[in-house]
Structure formats: C-alpha cells, structure tokens
2 protein chains.
Amino acid sequence: MHELFAENQAFRANGRLWIEGPADRFLGIGRLELLEQIQATGSISKAAKAMGMSYKKAWDLVSSMNSQARQPLVGAQVGGAHGGGAALTPAGAQAVAEFQAMQERFAQFLADETARLYQ
Amino acid sequence: MHELFAENQAFRANGRLWIEGPADRFLGIGRLELLEQIQATGSISKAAKAMGMSYKKAWDLVSSMNSQARQPLVGAQVGGAHGGGAALTPAGAQAVAEFQAMQERFAQFLADETARLYQ
DNA sequence: GGGCGTTATATTTTTTATAATATAACGGTA
DNA sequence: TACCGTTATATTATAAAAAATATAACGCCC
C-alpha cells in the first residue's frame with residue numbers, strides 16, 4: 001500500500017476502541033481517562049477540570065457508566081469535609097485495569113497495521 | 001470483566017479504524033464505502049445518493065483522498081455521454097482491497113476482544 | 001444548438017454536539 | 001449557624017458538523 005501515498009512513512013493506522021452495551025456506549029478512551037482522573041483527584045469536578053471538560057459532561061458520563069454496570073464504577077459523596085468527592089469502586093478500578101489492557105492490545109494492533117502499510 | 005455488566009452477553013468490543021496522513025484522515029470505513037459505491041455506480045452523485053450522503057460531502061471526501069494519495073484514487077469525467085461520471089483508478093481499486101483486508105483483521109480483533117470480555 | 005446529467009464549487013440553512021450558566025441540596029468545619 | 005466545595009440537575013447559549021440550496025461549466029446526443 002506504500003506505493004499509494006508517500007515514501008516518508010507519514011501515514012499510519014489509527015482508530016478508536018470501546019465497549020458498548022445494548023443501549024449506549026459503556027467505556028471508551030475518554031471515559032477511561034475520566035475514571036483515571038477521578039482516581040487521581042478524588043472528585044468529578046476536579047477530574048473534569050483536568051480534562052478541560054465541563055462538569056455536566058463528566059457527570060453525564062459517570063451516570064451513564066454507573067447505570068449500565070451491575071455495580072457502580074464511581075461512588076460519590078455530597079457535602080462534608082471538602083464539599084464531597086468521588087472515588088472509584090472496586091468494580092471501577094477493575095474496569096480501568098481491564099480496559100487499559102484492552103487499549104494496549106489495540107495499540108499493538110495499530111502498530112502492526114502501520115508496519116504492514118510499508119512492508 | 002463479565003462480572004461488571006451483565007450475564008446476558010449484551011456487551012461487546014467495538015471500534016473504528018482508519019489510515020491517517022500528516023494533515024488529515026486518508027481512508028476510513030465511510031470513505032471505503034464511498035469508493036465501493038463509486039465502483040458500483042460509476043458516479044460520485046449516485047454513490048452519494050446510495051449512501052444517503054450529500055453530493056458535496058462525497059465530493060469533499062473524494063477530493064481529500066485524491067489530494068493525499070500520490071496518485072488519485074478516483075478519476076472523474078465532466079460532461080459527455082451521460083453527463084460524466086467517476087471510476088476507481090487502479091490505485092483506488094488497490095486501496096479498496098487493502099483496506100477491506102485491514103477491516104477484516106480488525107473485525108477479528110474485535111471478536112477476540114468481545115470473547116475475552118466473557119472468558 | 002439545446003437539453004441532459006454530471007462534476008465542481010460556494011453559500012446558506014439546519015441539525016447536532018458541546019459548553020456555559022444557574023440553582024438547589026448536602027454535610028463537615030470554623 | 002454560616003460557609004465552603006462538591007454533587008446533582010436543568011436551562012440557555014455557543015460552536016461545530018452536516019445538510020440543503022444554488023450556480024457554472026462541461027461534453028455527448030438528439
């Protein structure tokens with residue numbers, strides 16, 4: 001396929017990967033990063049800010065994940081010491097770990113396909 | 001991961017795959033289908049109609065592909081017998097065949113990942 | 001030569017997605 | 001008790017994407 005575009009190897013295979021349920025997307029790269037940020041910051045609002053995302057959008061994503069999973073991925077407390085906060089549940093931590101692994105396998109797939117473009 | 005969502009196996013891995021150049025997307029599933037329709041119908045406008053896509057969008061996509069590839073993927077004639085038409089060049093036919101194969105490998109990857117969700 | 005269907009292109013409108021703003025409630029803490 | 005930062009939610013405004021509309025040119029064919 002390399003004859004088609006350029007000799008400078010500037011073309012590459014890329015893509016997006018996600019897990020979807022019967023009604024909606026369940027987990028993708030954006031939701032994964034949101035979960036990671038919640039894990040790191042302890043709050044949905046801080047996670048949203050870190051990602052340059054509106055709080056509403058972050059909350060909607062969390063709500064979508066929590067309602068689709070058998071057990072919520074994110075637990076939240078409203079009020080209290082510092083206003084409240086959020087954290088990953090064990091199920092959330094497991095989802096993060098497993099989807100990270102899935103992403104790594106996908107990255108390898110993409111690297112293989114990019115290499116094949118030039119072989 | 002199956003403990004996370006449901007016992008009815010309604011969740012699955014899904015995704016999108018494309019080839020991108022330095023500036024823009026080069027070839028994805030939508031562009032592939034457009035090329036296939038051009039191949040089948042002999043015209044950009046008929047291909048667009050078959051896909052429920054505006055002619056302008058189809059033309060923009062063809063233009064993007066033709067300008068990125070070393071050789072155009074689609075050749076077009078304006079005026080003439082039936083107003084003109086378009087057809088795949090040999091490079092276009094090759095791009096279709098190779099990206100179809102890439103898509104098939106991706107479908108297998110997604111099937112493997114879906115199976116892994118429940119193993 | 002006039003009509004036809006197509007390519008090629010620009011402009012406008014509509015739709016969709018995203019962001020911004022607003023408000024209430026909550027529960028520690030000073 | 002008043003305050004604070006957060007969750008939770010709705011509404012409005014903005015931006016981006018897509019679709020619709022318009023127009024010119026082209027070259028065979030009747």
# chains A, B, ... in the order shown; residues from 1 in each chain; ligands from 1

$ closest_atom_pairs --of "chain B" --to "chain A" --cutoff "7 Å" --atoms "only C-alpha atoms" --output "tab-separated table"
residue	atom	partner	partner_atom	distance
B:Met1	CA	A:Ala95	CA	7.0
B:Leu4	CA	A:Arg70	CA	5.7
B:Phe5	CA	A:Ala69	CA	4.4
B:Ala6	CA	A:Arg70	CA	6.5
B:Ala10	CA	A:Pro22	CA	5.8
B:Phe11	CA	A:Gly21	CA	4.4
B:Arg12	CA	A:Ile19	CA	5.5
B:Ala13	CA	A:Ile19	CA	4.4
B:Asn14	CA	A:Trp18	CA	5.4
B:Gly15	CA	A:Leu17	CA	4.2
B:Arg16	CA	A:Arg16	CA	5.1
B:Leu17	CA	A:Gly15	CA	4.2
B:Trp18	CA	A:Asn14	CA	5.4
B:Ile19	CA	A:Ala13	CA	4.4
B:Glu20	CA	A:Phe11	CA	5.5
B:Gly21	CA	A:Phe11	CA	4.4
B:Pro22	CA	A:Ala10	CA	5.8
B:Gln68	CA	A:Phe5	CA	6.7
B:Ala69	CA	A:Phe5	CA	4.4
B:Arg70	CA	A:Phe5	CA	4.8
B:Gln71	CA	A:Leu4	CA	6.6
B:Ala91	CA	A:Leu4	CA	6.5
B:Ala95	CA	A:Met1	CA	7.0

$ closest_atom_pairs --of "chain B" --to "chain D" --cutoff "8 Å" --atoms "only C-alpha atoms (C1' of nucleotides)" --output "tab-separated table"
residue	atom	partner	partner_atom	distance
B:Ser54	CA	D:DA19	C1'	6.8
B:Val78	CA	D:DC26	C1'	5.5
B:Gly79	CA	D:DG27	C1'	4.2
B:Gly80	CA	D:DC28	C1'	4.0
B:Ala81	CA	D:DC28	C1'	4.3
B:His82	CA	D:DC28	C1'	7.4
B:Gly83	CA	D:DG27	C1'	7.6

$ closest_atom_pairs --of "chain B" --to "chain C" --cutoff "12 Å" --atoms "only C-alpha atoms (C1' of nucleotides)" --output "tab-separated table"
residue	atom	partner	partner_atom	distance
B:Gly42	CA	C:DT6	C1'	10.8
B:Ser43	CA	C:DT6	C1'	8.0
B:Ile44	CA	C:DT7	C1'	8.6
B:Ser45	CA	C:DT6	C1'	7.7
B:Lys46	CA	C:DT6	C1'	9.8
B:Tyr55	CA	C:DT7	C1'	10.1
B:Lys56	CA	C:DT9	C1'	8.9
B:Lys57	CA	C:DT9	C1'	11.9
B:Ala58	CA	C:DT7	C1'	11.7
B:Trp59	CA	C:DA8	C1'	8.5
B:Asp60	CA	C:DA8	C1'	10.2
B:Val62	CA	C:DA8	C1'	11.8
B:Ser63	CA	C:DA8	C1'	10.4
B:Gly75	CA	C:DT7	C1'	10.9
B:Ala76	CA	C:DT7	C1'	7.4
B:Gln77	CA	C:DT7	C1'	7.1
B:Val78	CA	C:DT7	C1'	5.0
B:Gly79	CA	C:DT6	C1'	6.3
B:Gly80	CA	C:DT6	C1'	8.5
B:Ala81	CA	C:DG5	C1'	8.8
B:His82	CA	C:DG5	C1'	5.7
B:Gly83	CA	C:DT6	C1'	4.1
B:Gly84	CA	C:DT6	C1'	4.7
B:Gly85	CA	C:DT6	C1'	6.2
B:Ala86	CA	C:DT7	C1'	9.0

$ select_by_dssp --residues "range 1-118 of chain A" --states "helix (DSSP H, G or I)" --output "ChimeraX atom specification"
/A:29-41,44-51,55-68,90-118

$ atom_distance --atom1 "CA of Leu32 in chain A" --atom2 "CA of Gln100 in chain A"
7.9 Å

$ closest_residue --among "A:Ala40, A:Asp112, A:Gly30, A:Lys49" --to "Ala93 in chain A" --atoms "only C-alpha atoms"
A:Ala40

$ select_by_dssp --residues "range 49-85 of chain B" --states "strand (DSSP E or B)" --output "list in words"
Val74, Gly75, Ala76, Gln77, Val78, Gly84 and Gly85 of chain B

$ write_last_selection --atoms "C-alpha atoms" --output "compact mmCIF listing (two decimals), in the first residue's frame"
# COMPACT_ATOMS: atom_id res chain seq x y z
CA VAL B 74 -10.94 8.30 -8.25
CA GLY B 75 -10.93 9.59 -11.81
CA ALA B 76 -13.84 11.75 -12.97
CA GLN B 77 -15.09 12.97 -16.32
CA VAL B 78 -17.30 16.01 -16.58
CA GLY B 84 -19.97 12.45 -16.95
CA GLY B 85 -19.02 10.02 -14.25

$ closest_residue --among "B:Ala87, B:Ala101, B:Val96, B:Ala111" --to "Gln39 in chain B" --atoms "only C-alpha atoms"
B:Ala87

$ atom_distance --atom1 "CA of Gly52 in chain A" --atom2 "CA of Leu88 in chain A"
20.3 Å

$ atom_distance --atom1 "CA of Ser64 in chain A" --atom2 "CA of Glu33 in chain A"
14.9 Å
